[in-house]
file protein.cif (mmCIF, C-alpha atoms and all ligand atoms)
data_upload
loop_
_atom_site.group_PDB
_atom_site.id
_atom_site.type_symbol
_atom_site.label_atom_id
_atom_site.label_comp_id
_atom_site.auth_asym_id
_atom_site.auth_seq_id
_atom_site.Cartn_x
_atom_site.Cartn_y
_atom_site.Cartn_z
ATOM 1 C CA MET A 1 93.863 -17.455 105.611
ATOM 2 C CA SER A 2 96.187 -17.621 108.591
ATOM 3 C CA LYS A 3 99.152 -20.029 108.480
ATOM 4 C CA VAL A 4 98.773 -20.736 112.177
ATOM 5 C CA PRO A 5 95.997 -23.231 112.934
ATOM 6 C CA ALA A 6 93.129 -21.605 114.883
ATOM 7 C CA LEU A 7 92.592 -24.936 116.632
ATOM 8 C CA LYS A 8 94.890 -27.858 117.314
ATOM 9 C CA ASN A 9 94.889 -30.895 119.570
ATOM 10 C CA VAL A 10 91.198 -30.795 120.253
ATOM 11 C CA THR A 11 89.596 -34.118 121.124
ATOM 12 C CA ALA A 12 86.276 -33.918 122.850
ATOM 13 C CA THR A 13 83.068 -35.913 123.053
ATOM 14 C CA PHE A 14 79.787 -34.338 123.984
ATOM 15 C CA GLU A 15 77.125 -36.575 125.450
ATOM 16 C CA ARG A 16 73.441 -35.993 124.938
ATOM 17 C CA GLY A 17 71.698 -34.216 127.793
ATOM 18 C CA LYS A 18 74.806 -32.803 129.428
ATOM 19 C CA PHE A 19 75.705 -29.191 130.082
ATOM 20 C CA TYR A 20 79.238 -28.239 129.010
ATOM 21 C CA GLY A 21 80.894 -24.944 129.889
ATOM 22 C CA VAL A 22 83.700 -23.594 127.686
ATOM 23 C CA ILE A 23 86.127 -21.101 129.200
ATOM 24 C CA GLY A 24 89.548 -19.659 128.408
ATOM 25 C CA GLU A 25 91.499 -16.557 127.473
ATOM 26 C CA ASN A 26 90.445 -14.145 124.723
ATOM 27 C CA ALA A 27 91.339 -15.506 121.283
ATOM 28 C CA GLY A 28 91.813 -18.917 122.931
ATOM 29 C CA GLY A 29 89.666 -20.610 120.289
ATOM 30 C CA LYS A 30 86.282 -20.851 122.040
ATOM 31 C CA THR A 31 84.218 -19.395 119.202
ATOM 32 C CA THR A 32 86.216 -21.378 116.630
ATOM 33 C CA LEU A 33 85.441 -24.566 118.568
ATOM 34 C CA CYS A 34 81.736 -23.620 118.470
ATOM 35 C CA ASN A 35 81.901 -23.030 114.712
ATOM 36 C CA LEU A 36 83.482 -26.435 114.279
ATOM 37 C CA ILE A 37 80.766 -28.130 116.303
ATOM 38 C CA ARG A 38 78.010 -26.470 114.323
ATOM 39 C CA GLY A 39 79.526 -27.586 111.047
ATOM 40 C CA LEU A 40 80.510 -24.143 109.772
ATOM 41 C CA ILE A 41 84.107 -25.252 109.373
ATOM 42 C CA PRO A 42 84.958 -26.007 106.626
ATOM 43 C CA HIS A 43 81.454 -25.546 105.117
ATOM 44 C CA PHE A 44 81.298 -21.797 105.547
ATOM 45 C CA TYR A 45 84.584 -20.516 106.915
ATOM 46 C CA LYS A 46 86.972 -21.987 104.396
ATOM 47 C CA GLY A 47 89.985 -23.680 105.811
ATOM 48 C CA LYS A 48 91.695 -26.996 106.306
ATOM 49 C CA LEU A 49 90.142 -29.451 108.670
ATOM 50 C CA LYS A 50 92.292 -32.322 109.789
ATOM 51 C CA GLY A 51 90.723 -34.995 111.931
ATOM 52 C CA GLU A 52 87.030 -35.643 112.203
ATOM 53 C CA VAL A 53 83.889 -34.114 113.592
ATOM 54 C CA THR A 54 80.994 -36.529 113.991
ATOM 55 C CA ILE A 55 77.434 -36.388 115.263
ATOM 56 C CA ASP A 56 75.930 -39.728 116.287
ATOM 57 C CA GLY A 57 78.810 -41.339 114.397
ATOM 58 C CA GLU A 58 78.118 -39.429 111.158
ATOM 59 C CA ASP A 59 80.766 -37.250 109.572
ATOM 60 C CA LEU A 60 79.610 -33.653 109.920
ATOM 61 C CA ARG A 61 81.055 -32.764 106.524
ATOM 62 C CA LYS A 62 78.636 -35.157 104.861
ATOM 63 C CA LEU A 63 75.573 -33.753 106.611
ATOM 64 C CA ASP A 64 73.355 -31.124 105.039
ATOM 65 C CA ILE A 65 74.148 -27.808 106.717
ATOM 66 C CA ASP A 66 70.489 -26.705 106.567
ATOM 67 C CA ILE A 67 69.296 -29.836 108.317
ATOM 68 C CA LEU A 68 72.117 -29.568 110.803
ATOM 69 C CA SER A 69 71.180 -26.016 111.680
ATOM 70 C CA THR A 70 67.648 -27.082 112.595
ATOM 71 C CA GLN A 71 68.953 -29.740 114.966
ATOM 72 C CA LEU A 72 71.430 -27.456 116.547
ATOM 73 C CA GLY A 73 70.515 -24.023 117.868
ATOM 74 C CA TYR A 74 73.387 -21.581 117.718
ATOM 75 C CA ILE A 75 73.548 -18.311 119.582
ATOM 76 C CA PHE A 76 76.217 -15.904 118.399
ATOM 77 C CA GLN A 77 78.704 -14.114 120.605
ATOM 78 C CA ASN A 78 77.639 -10.828 119.030
ATOM 79 C CA PRO A 79 73.844 -10.332 119.284
ATOM 80 C CA PHE A 80 74.021 -7.745 116.503
ATOM 81 C CA THR A 81 74.916 -10.596 114.124
ATOM 82 C CA GLN A 82 71.869 -12.585 115.105
ATOM 83 C CA ILE A 83 69.091 -10.052 114.565
ATOM 84 C CA SER A 84 67.761 -10.670 111.052
ATOM 85 C CA GLY A 85 67.185 -7.039 110.120
ATOM 86 C CA VAL A 86 64.170 -8.076 108.064
ATOM 87 C CA LYS A 87 61.480 -8.145 110.741
ATOM 88 C CA LYS A 88 59.608 -5.083 111.984
ATOM 89 C CA THR A 89 58.794 -6.246 115.502
ATOM 90 C CA VAL A 90 60.498 -8.242 118.232
ATOM 91 C CA PHE A 91 57.527 -10.624 118.144
ATOM 92 C CA GLU A 92 58.186 -11.449 114.484
ATOM 93 C CA GLU A 93 61.920 -11.663 115.123
ATOM 94 C CA ILE A 94 61.443 -14.281 117.851
ATOM 95 C CA ALA A 95 59.019 -16.175 115.604
ATOM 96 C CA LEU A 96 61.327 -16.128 112.557
ATOM 97 C CA GLY A 97 63.224 -19.362 113.250
ATOM 98 C CA MET A 98 59.993 -21.211 114.028
ATOM 99 C CA GLU A 99 58.452 -19.820 110.861
ATOM 100 C CA ASN A 100 61.329 -21.277 108.850
ATOM 101 C CA LEU A 101 60.806 -24.630 110.559
ATOM 102 C CA GLY A 102 57.128 -24.579 109.667
ATOM 103 C CA VAL A 103 55.833 -24.524 113.254
ATOM 104 C CA PRO A 104 52.018 -24.066 113.190
ATOM 105 C CA LYS A 105 50.915 -20.477 113.822
ATOM 106 C CA GLU A 106 49.079 -21.012 117.120
ATOM 107 C CA GLU A 107 51.957 -22.995 118.568
ATOM 108 C CA MET A 108 54.316 -20.267 117.381
ATOM 109 C CA ILE A 109 52.331 -17.489 119.091
ATOM 110 C CA ARG A 110 52.102 -19.496 122.296
ATOM 111 C CA ARG A 111 55.853 -20.103 122.340
ATOM 112 C CA VAL A 112 56.744 -16.463 121.636
ATOM 113 C CA PHE A 113 54.660 -15.300 124.613
ATOM 114 C CA GLU A 114 55.999 -18.060 126.827
ATOM 115 C CA ILE A 115 59.646 -17.292 126.173
ATOM 116 C CA ALA A 116 59.126 -13.510 126.247
ATOM 117 C CA GLU A 117 57.702 -13.947 129.730
ATOM 118 C CA LEU A 118 60.638 -16.092 130.827
ATOM 119 C CA LEU A 119 63.091 -13.432 129.626
ATOM 120 C CA LYS A 120 60.931 -10.559 130.856
ATOM 121 C CA ILE A 121 60.779 -8.935 127.449
ATOM 122 C CA GLU A 122 56.969 -8.915 127.015
ATOM 123 C CA ASP A 123 57.065 -5.116 126.904
ATOM 124 C CA LEU A 124 59.383 -5.220 123.888
ATOM 125 C CA LEU A 125 57.307 -7.475 121.649
ATOM 126 C CA GLN A 126 55.973 -4.656 119.487
ATOM 127 C CA ASN A 127 59.307 -2.783 119.332
ATOM 128 C CA ASP A 128 61.606 -2.475 116.343
ATOM 129 C CA PRO A 129 64.383 -5.113 116.730
ATOM 130 C CA ASN A 130 66.882 -2.709 115.185
ATOM 131 C CA ALA A 131 66.268 -0.093 117.866
ATOM 132 C CA LEU A 132 67.066 -2.223 120.904
ATOM 133 C CA SER A 133 69.888 -1.801 123.399
ATOM 134 C CA GLY A 134 72.712 -4.363 123.345
ATOM 135 C CA GLY A 135 71.250 -6.220 126.328
ATOM 136 C CA GLN A 136 67.728 -6.244 124.875
ATOM 137 C CA ARG A 137 69.102 -7.482 121.555
ATOM 138 C CA GLN A 138 70.967 -10.255 123.313
ATOM 139 C CA LYS A 139 67.778 -11.419 125.038
ATOM 140 C CA VAL A 140 65.811 -11.325 121.772
ATOM 141 C CA ALA A 141 68.543 -13.254 119.933
ATOM 142 C CA PHE A 142 68.527 -15.846 122.721
ATOM 143 C CA ALA A 143 64.721 -16.071 122.679
ATOM 144 C CA SER A 144 64.551 -16.586 118.911
ATOM 145 C CA ILE A 145 66.906 -19.562 119.043
ATOM 146 C CA ILE A 146 65.525 -21.170 122.182
ATOM 147 C CA ALA A 147 62.029 -20.968 120.675
ATOM 148 C CA MET A 148 63.176 -23.325 117.889
ATOM 149 C CA ASP A 149 63.405 -26.159 120.404
ATOM 150 C CA SER A 150 66.502 -27.884 118.971
ATOM 151 C CA ASP A 151 68.116 -30.918 120.615
ATOM 152 C CA THR A 152 71.447 -29.197 121.104
ATOM 153 C CA PHE A 153 72.304 -25.590 121.845
ATOM 154 C CA VAL A 154 75.702 -24.046 121.255
ATOM 155 C CA ILE A 155 75.645 -20.694 123.011
ATOM 156 C CA ASP A 156 78.528 -18.250 122.723
ATOM 157 C CA GLU A 157 78.689 -15.718 125.574
ATOM 158 C CA PRO A 158 74.957 -15.023 125.835
ATOM 159 C CA THR A 159 75.238 -12.790 128.888
ATOM 160 C CA SER A 160 78.078 -10.455 127.881
ATOM 161 C CA GLN A 161 75.730 -7.465 127.633
ATOM 162 C CA LEU A 162 73.444 -8.393 130.518
ATOM 163 C CA ASP A 163 73.122 -7.217 134.116
ATOM 164 C CA PRO A 164 73.096 -9.764 136.982
ATOM 165 C CA ASP A 165 69.311 -10.265 136.824
ATOM 166 C CA GLY A 166 69.364 -10.801 133.061
ATOM 167 C CA THR A 167 72.298 -13.189 133.441
ATOM 168 C CA ALA A 168 70.542 -15.198 136.171
ATOM 169 C CA ALA A 169 67.433 -15.491 133.958
ATOM 170 C CA ILE A 170 69.518 -16.898 131.094
ATOM 171 C CA PHE A 171 71.170 -19.466 133.349
ATOM 172 C CA GLU A 172 67.805 -20.544 134.735
ATOM 173 C CA ILE A 173 66.457 -21.059 131.235
ATOM 174 C CA ILE A 174 69.553 -23.032 130.234
ATOM 175 C CA GLN A 175 69.086 -25.191 133.322
ATOM 176 C CA THR A 176 65.445 -25.820 132.326
ATOM 177 C CA LEU A 177 66.598 -26.818 128.822
ATOM 178 C CA LYS A 178 69.017 -29.251 130.389
ATOM 179 C CA GLU A 179 66.235 -30.728 132.491
ATOM 180 C CA GLN A 180 64.305 -31.255 129.261
ATOM 181 C CA GLY A 181 67.187 -33.441 128.042
ATOM 182 C CA LYS A 182 68.850 -30.897 125.741
ATOM 183 C CA THR A 183 72.602 -30.855 125.229
ATOM 184 C CA ILE A 184 74.164 -27.505 126.083
ATOM 185 C CA ILE A 185 77.561 -26.155 125.071
ATOM 186 C CA LEU A 186 77.987 -22.735 126.640
ATOM 187 C CA VAL A 187 80.930 -20.350 126.263
ATOM 188 C CA GLU A 188 80.878 -18.135 129.307
ATOM 189 C CA HIS A 189 83.285 -16.010 131.309
ATOM 190 C CA LYS A 190 81.018 -15.946 134.369
ATOM 191 C CA VAL A 191 82.614 -18.989 135.936
ATOM 192 C CA ASP A 192 80.839 -18.695 139.271
ATOM 193 C CA LEU A 193 77.608 -19.520 137.469
ATOM 194 C CA LEU A 194 79.198 -22.234 135.333
ATOM 195 C CA ALA A 195 80.491 -23.795 138.546
ATOM 196 C CA GLN A 196 76.947 -24.005 139.806
ATOM 197 C CA TYR A 197 75.283 -25.335 136.669
ATOM 198 C CA ALA A 198 77.696 -27.081 134.272
ATOM 199 C CA ASP A 199 78.355 -30.837 134.355
ATOM 200 C CA GLU A 200 81.712 -30.508 132.652
ATOM 201 C CA VAL A 201 84.084 -27.705 131.697
ATOM 202 C CA LEU A 202 86.475 -27.369 128.736
ATOM 203 C CA VAL A 203 89.344 -24.899 128.750
ATOM 204 C CA MET A 204 90.750 -23.379 125.541
ATOM 205 C CA HIS A 205 94.186 -21.767 125.381
ATOM 206 C CA GLY A 206 96.104 -20.769 122.260
ATOM 207 C CA GLY A 207 93.730 -22.815 120.099
ATOM 208 C CA GLU A 208 94.270 -25.942 122.176
ATOM 209 C CA LEU A 209 91.948 -27.743 124.494
ATOM 210 C CA ILE A 210 94.146 -27.745 127.593
ATOM 211 C CA ALA A 211 91.730 -29.170 130.145
ATOM 212 C CA GLN A 212 88.381 -30.906 130.238
ATOM 213 C CA GLY A 213 86.474 -32.881 132.809
ATOM 214 C CA LYS A 214 84.044 -32.598 135.685
ATOM 215 C CA THR A 215 83.321 -29.015 136.704
ATOM 216 C CA GLN A 216 84.685 -29.494 140.231
ATOM 217 C CA ASP A 217 87.952 -31.006 138.946
ATOM 218 C CA VAL A 218 88.620 -28.425 136.237
ATOM 219 C CA LEU A 219 87.624 -25.250 138.046
ATOM 220 C CA SER A 220 89.595 -26.193 141.155
ATOM 221 C CA ASP A 221 92.804 -26.492 139.113
ATOM 222 C CA ILE A 222 94.582 -23.311 140.168
ATOM 223 C CA SER A 223 97.305 -23.723 137.511
ATOM 224 C CA LEU A 224 94.737 -22.891 134.835
ATOM 225 C CA ARG A 225 94.724 -19.282 135.964
ATOM 226 C CA GLU A 226 98.245 -18.839 134.534
ATOM 227 C CA LYS A 227 96.807 -19.960 131.201
ATOM 228 C CA GLY A 228 94.292 -17.116 131.191
ATOM 229 C CA ALA A 229 91.290 -19.028 132.512
ATOM 230 C CA MET A 230 89.104 -17.288 135.044
ATOM 231 C CA LEU A 231 88.323 -19.372 138.100
ATOM 232 C CA PRO A 232 85.489 -18.957 140.618
ATOM 233 C CA HIS A 233 85.821 -16.399 143.412
ATOM 234 C CA THR A 234 85.660 -19.202 145.960
ATOM 235 C CA VAL A 235 88.921 -20.589 144.540
ATOM 236 C CA GLU A 236 90.571 -17.260 145.249
ATOM 237 C CA PHE A 237 89.083 -17.296 148.737
ATOM 238 C CA TYR A 238 90.510 -20.794 149.273
ATOM 239 C CA GLN A 239 93.947 -19.464 148.419
ATOM 240 C CA VAL A 240 93.633 -16.502 150.782
ATOM 241 C CA LEU A 241 92.699 -18.883 153.603
ATOM 242 C CA LYS A 242 95.554 -21.212 152.659
ATOM 243 C CA ALA A 243 98.044 -18.340 152.877
ATOM 244 C CA GLU A 244 96.814 -17.850 156.446
ATOM 245 C CA GLY A 245 97.473 -21.524 157.165
ATOM 246 C CA LYS A 246 93.795 -22.476 157.071
ATOM 247 C CA ILE A 247 93.371 -25.292 154.605
ATOM 248 C CA LEU A 248 89.918 -26.465 153.564
ATOM 249 C CA ASP A 249 89.338 -30.123 152.699
ATOM 250 C CA ARG A 250 88.895 -29.339 149.016
ATOM 251 C CA VAL A 251 89.011 -26.322 146.732
ATOM 252 C CA PRO A 252 85.411 -25.065 146.672
ATOM 253 C CA VAL A 253 84.156 -24.046 143.239
ATOM 254 C CA THR A 254 80.643 -23.102 144.328
ATOM 255 C CA ARG A 255 79.436 -20.806 147.112
ATOM 256 C CA GLN A 256 77.342 -23.649 148.490
ATOM 257 C CA ASP A 257 80.368 -25.901 148.921
ATOM 258 C CA CYS A 258 82.433 -23.058 150.342
ATOM 259 C CA ILE A 259 79.777 -22.244 152.940
ATOM 260 C CA ALA A 260 79.255 -25.918 153.779
ATOM 261 C CA GLN A 261 82.974 -26.438 154.394
ATOM 262 C CA LEU A 262 83.263 -23.284 156.497
ATOM 263 C CA LYS A 263 80.262 -24.281 158.615
ATOM 264 C CA GLU A 264 81.836 -27.673 159.311
ATOM 265 C CA ARG A 265 84.944 -25.919 160.594
ATOM 266 C CA LEU A 266 83.106 -23.431 162.732
ATOM 267 C CA VAL A 267 81.309 -26.018 164.875
HETATM 268 N N1 LIG B 1 87.598 -16.971 110.266
HETATM 269 C C1 LIG B 1 88.824 -17.027 110.757
HETATM 270 N N2 LIG B 1 89.896 -17.251 109.983
HETATM 271 C C2 LIG B 1 91.153 -17.330 110.483
HETATM 272 N N3 LIG B 1 91.429 -17.201 111.793
HETATM 273 C C3 LIG B 1 90.429 -16.966 112.624
HETATM 274 C C4 LIG B 1 89.057 -16.865 112.175
HETATM 275 N N4 LIG B 1 88.266 -16.648 113.258
HETATM 276 C C5 LIG B 1 89.094 -16.595 114.320
HETATM 277 N N5 LIG B 1 90.374 -16.791 113.958
HETATM 278 C C6 LIG B 1 91.550 -16.828 114.863
HETATM 279 O O1 LIG B 1 91.400 -17.940 115.716
HETATM 280 C C7 LIG B 1 91.850 -17.641 117.025
HETATM 281 C C8 LIG B 1 90.772 -17.963 118.016
HETATM 282 O O2 LIG B 1 89.700 -17.039 117.886
HETATM 283 P P1 LIG B 1 88.288 -17.259 118.588
HETATM 284 O O3 LIG B 1 87.376 -16.199 118.082
HETATM 285 O O4 LIG B 1 87.875 -18.672 118.425
HETATM 286 O O5 LIG B 1 88.653 -16.973 120.131
HETATM 287 P P2 LIG B 1 87.706 -16.866 121.413
HETATM 288 O O6 LIG B 1 88.279 -17.782 122.439
HETATM 289 O O7 LIG B 1 86.295 -17.069 121.022
HETATM 290 O O8 LIG B 1 87.966 -15.360 121.871
HETATM 291 P P3 LIG B 1 86.998 -14.286 122.604
HETATM 292 O O9 LIG B 1 87.059 -14.582 124.077
HETATM 293 O O10 LIG B 1 87.629 -12.992 122.286
HETATM 294 O O11 LIG B 1 85.617 -14.423 122.038
HETATM 295 C C9 LIG B 1 92.264 -16.169 117.016
HETATM 296 O O12 LIG B 1 93.659 -16.094 116.957
HETATM 297 C C10 LIG B 1 91.597 -15.625 115.786
HETATM 298 O O13 LIG B 1 92.351 -14.572 115.262
HETATM 299 MG MG MG B 2 84.627 -15.901 121.129
#
call {"tool": "encode", "arguments": {"input": "protein.cif", "output": "structure tokens", "more": "lines below"}}
Ligand SMILES: Nc1ncnc2c1ncn2[C@@H]1O[C@H](COP(=O)(O)OP(=O)(O)OP(=O)(O)O)[C@@H](O)[C@H]1O
Ligand SMILES: [Mg+2]
result
Amino acid sequence: MSKVPALKNVTATFERGKFYGVIGENAGGKTTLCNLIRGLIPHFYKGKLKGEVTIDGEDLRKLDIDILSTQLGYIFQNPFTQISGVKKTVFEEIALGMENLGVPKEEMIRRVFEIAELLKIEDLLQNDPNALSGGQRQKVAFASIIAMDSDTFVIDEPTSQLDPDGTAAIFEIIQTLKEQGKTIILVEHKVDLLAQYADEVLVMHGGELIAQGKTQDVLSDISLREKGAMLPHTVEFYQVLKAEGKILDRVPVTRQDCIAQLKERLV
């Protein structure tokens, strides 16, 4: 066990139905924060936990970890960790979580096809899950958790192995989940997409939560770049314009806002 705390000074509240983005430098504590939220600390990863972690006012440490894991879908940073290794086909792999929850067979089959179509992995359904590429594995891991239809999803870098199309598909699905009232906590380095979709953003640095708030407010804070946080490309563009003496009304964090502000100036 390390003597240095992996997390310190973290106080955050997650509201039902909101989409939270988590960003920050490598080893900043993002995955550790996710493990804390899903109750794995100190249940599974042994360590000292000072302070409290509660869900609907209940102390997480007193909750049954098996029950908790059905209410909270967790998608690992490393998709190789998520694939069970016990199923012979992708179809069965996606159905595994639902099987454990006792979802009726017909419903299960319907959901597997539905989500495979959303992720464009229908062609893989009969393949061996252990013989997939990293990107394919990541999509299958994502599909198997989403299919479980939990209330809350904690998703740790689900697009790290994906191309732009695969990444866009994941974000669209996450947006749909949000529209269904699910709570989303997403660790993601692709801040341009977070800027577009997330309600709030949290920034981890050296195990501390150094910023949190509305997406526009956090991602427009240029000082966060010195702390290893990536900021949207439009923020960089704002700074280039500023150096030329052209100052926009506000720091744009999305392309839409950037274009809107530029159009206003051009008339
Ligand atoms: N099980 C563990 N026991 C002790 N220390 C750990 C454990 N897991 C992670 N750490 C330490 O906690 C710190 C934060 O790691 P964490 O994996 O949460 O970072 P991260 O922000 O997710 O990084 P990355 O962007 O690389 O995924 C690191 O210094 C790491 O070495
Ligand atoms: Mg991580």
call {"tool": "resolve_selection", "arguments": {"input": "protein.cif", "expression": "the PyMOL selection byres (((chain A and resi 83) around 9) and not hetatm)", "output": "PDB file with C-alpha atoms, in the coordinates of the input"}}
result
ATOM      1  CA  PRO A  79      73.844 -10.332 119.284  1.00  0.00           C
ATOM      2  CA  PHE A  80      74.021  -7.745 116.503  1.00  0.00           C
ATOM      3  CA  THR A  81      74.916 -10.596 114.124  1.00  0.00           C
ATOM      4  CA  GLN A  82      71.869 -12.585 115.105  1.00  0.00           C
ATOM      5  CA  SER A  84      67.761 -10.670 111.052  1.00  0.00           C
ATOM      6  CA  GLY A  85      67.185  -7.039 110.120  1.00  0.00           C
ATOM      7  CA  VAL A  86      64.170  -8.076 108.064  1.00  0.00           C
ATOM      8  CA  LYS A  87      61.480  -8.145 110.741  1.00  0.00           C
ATOM      9  CA  GLU A  93      61.920 -11.663 115.123  1.00  0.00           C
ATOM     10  CA  PRO A 129      64.383  -5.113 116.730  1.00  0.00           C
ATOM     11  CA  ASN A 130      66.882  -2.709 115.185  1.00  0.00           C
ATOM     12  CA  ARG A 137      69.102  -7.482 121.555  1.00  0.00           C
ATOM     13  CA  GLN A 138      70.967 -10.255 123.313  1.00  0.00           C
ATOM     14  CA  VAL A 140      65.811 -11.325 121.772  1.00  0.00           C
ATOM     15  CA  ALA A 141      68.543 -13.254 119.933  1.00  0.00           C
TER      16      ALA A 141
END
call {"tool": "residues_near_point", "arguments": {"input": "protein.cif", "point": "(91.0, -19.8, 150.3)", "cutoff": "12 Å", "atoms": "only C-alpha atoms", "output": "list in words"}}
result
Ser220, Ile222, Pro232, His233, Thr234, Val235, Glu236, Phe237, Tyr238, Gln239, Val240, Leu241, Lys242, Ala243, Glu244, Gly245, Lys246, Ile247, Leu248, Asp249, Arg250, Val251, Pro252, Val253, Cys258, Ile259, Gln261 and Leu262 of chain A
call {"tool": "write_last_selection", "arguments": {"input": "protein.cif", "atoms": "C-alpha atoms", "output": "mmCIF file, in the frame of the given file"}}
result
data_model
loop_
_atom_site.group_PDB
_atom_site.id
_atom_site.type_symbol
_atom_site.label_atom_id
_atom_site.label_comp_id
_atom_site.auth_asym_id
_atom_site.auth_seq_id
_atom_site.Cartn_x
_atom_site.Cartn_y
_atom_site.Cartn_z
ATOM 1 C CA SER A 220 89.595 -26.193 141.155
ATOM 2 C CA ILE A 222 94.582 -23.311 140.168
ATOM 3 C CA PRO A 232 85.489 -18.957 140.618
ATOM 4 C CA HIS A 233 85.821 -16.399 143.412
ATOM 5 C CA THR A 234 85.660 -19.202 145.960
ATOM 6 C CA VAL A 235 88.921 -20.589 144.540
ATOM 7 C CA GLU A 236 90.571 -17.260 145.249
ATOM 8 C CA PHE A 237 89.083 -17.296 148.737
ATOM 9 C CA TYR A 238 90.510 -20.794 149.273
ATOM 10 C CA GLN A 239 93.947 -19.464 148.419
ATOM 11 C CA VAL A 240 93.633 -16.502 150.782
ATOM 12 C CA LEU A 241 92.699 -18.883 153.603
ATOM 13 C CA LYS A 242 95.554 -21.212 152.659
ATOM 14 C CA ALA A 243 98.044 -18.340 152.877
ATOM 15 C CA GLU A 244 96.814 -17.850 156.446
ATOM 16 C CA GLY A 245 97.473 -21.524 157.165
ATOM 17 C CA LYS A 246 93.795 -22.476 157.071
ATOM 18 C CA ILE A 247 93.371 -25.292 154.605
ATOM 19 C CA LEU A 248 89.918 -26.465 153.564
ATOM 20 C CA ASP A 249 89.338 -30.123 152.699
ATOM 21 C CA ARG A 250 88.895 -29.339 149.016
ATOM 22 C CA VAL A 251 89.011 -26.322 146.732
ATOM 23 C CA PRO A 252 85.411 -25.065 146.672
ATOM 24 C CA VAL A 253 84.156 -24.046 143.239
ATOM 25 C CA CYS A 258 82.433 -23.058 150.342
ATOM 26 C CA ILE A 259 79.777 -22.244 152.940
ATOM 27 C CA GLN A 261 82.974 -26.438 154.394
ATOM 28 C CA LEU A 262 83.263 -23.284 156.497
#
call {"tool": "residues_near_ligand", "arguments": {"input": "protein.cif", "ligand": "ligand MG 2 (chain B)", "cutoff": "7 Å", "atoms": "only C-alpha atoms and all ligand atoms", "output": "list in words"}}
result
Ala27, Gly29, Lys30, Thr31, Gln77 and Asp156 of chain A
call {"tool": "residues_near_ligand", "arguments": {"input": "protein.cif", "ligand": "ligand LIG 1 (chain B)", "cutoff": "8 Å", "atoms": "all atoms listed in the file", "output": "VMD selection string"}}
result
chain A and resid 1 to 2 5 to 7 23 to 34 45 to 47 77 157 204 to 207
call {"tool": "resolve_selection", "arguments": {"input": "protein.cif", "expression": "the PyMOL selection byres (((chain A and resi 18-21) around 12) and not hetatm)", "output": "PyMOL selection string"}}
result
chain A and resi 12-17+22-24+30+34+151-157+171+174-204+211-216+218-219
call {"tool": "residues_around", "arguments": {"input": "protein.cif", "residues": "Asp163 in chain A", "least_positions_apart": "3", "cutoff": "12 Å", "atoms": "all atoms listed in the file", "output": "list in words"}}
result
Gly134, Gly135, Gln136, Gln138, Lys139, Pro158, Thr159, Ser160, Gly166, Thr167, Ala168, Ala169, Ile170 and Lys190 of chain A
call {"tool": "resolve_selection", "arguments": {"input": "protein.cif", "expression": "the PyMOL selection byres (((chain A and resi 112) around 8) and not hetatm)", "output": "list in words"}}
result
Phe91, Ile94, Ala95, Met108, Ile109, Arg110, Arg111, Phe113, Glu114, Ile115, Ala116 and Ala147 of chain A
call {"tool": "atom_distance", "arguments": {"input": "protein.cif", "atom1": "CA of Leu224 in chain A", "atom2": "CA of Leu36 in chain A"}}
result
23.7 Å
call {"tool": "atom_distance", "arguments": {"input": "protein.cif", "atom1": "CA of Ser144 in chain A", "atom2": "CA of Gly97 in chain A"}}
result
6.4 Å
call {"tool": "atom_distance", "arguments": {"input": "protein.cif", "atom1": "CA of Leu118 in chain A", "atom2": "CA of Ile146 in chain A"}}
result
11.2 Å
call {"tool": "closest_residue", "arguments": {"input": "protein.cif", "among": "A:Leu231, A:Leu124, A:Val90, A:Leu266", "to": "Thr254 in chain A", "atoms": "all atoms listed in the file"}}
result
A:Leu231
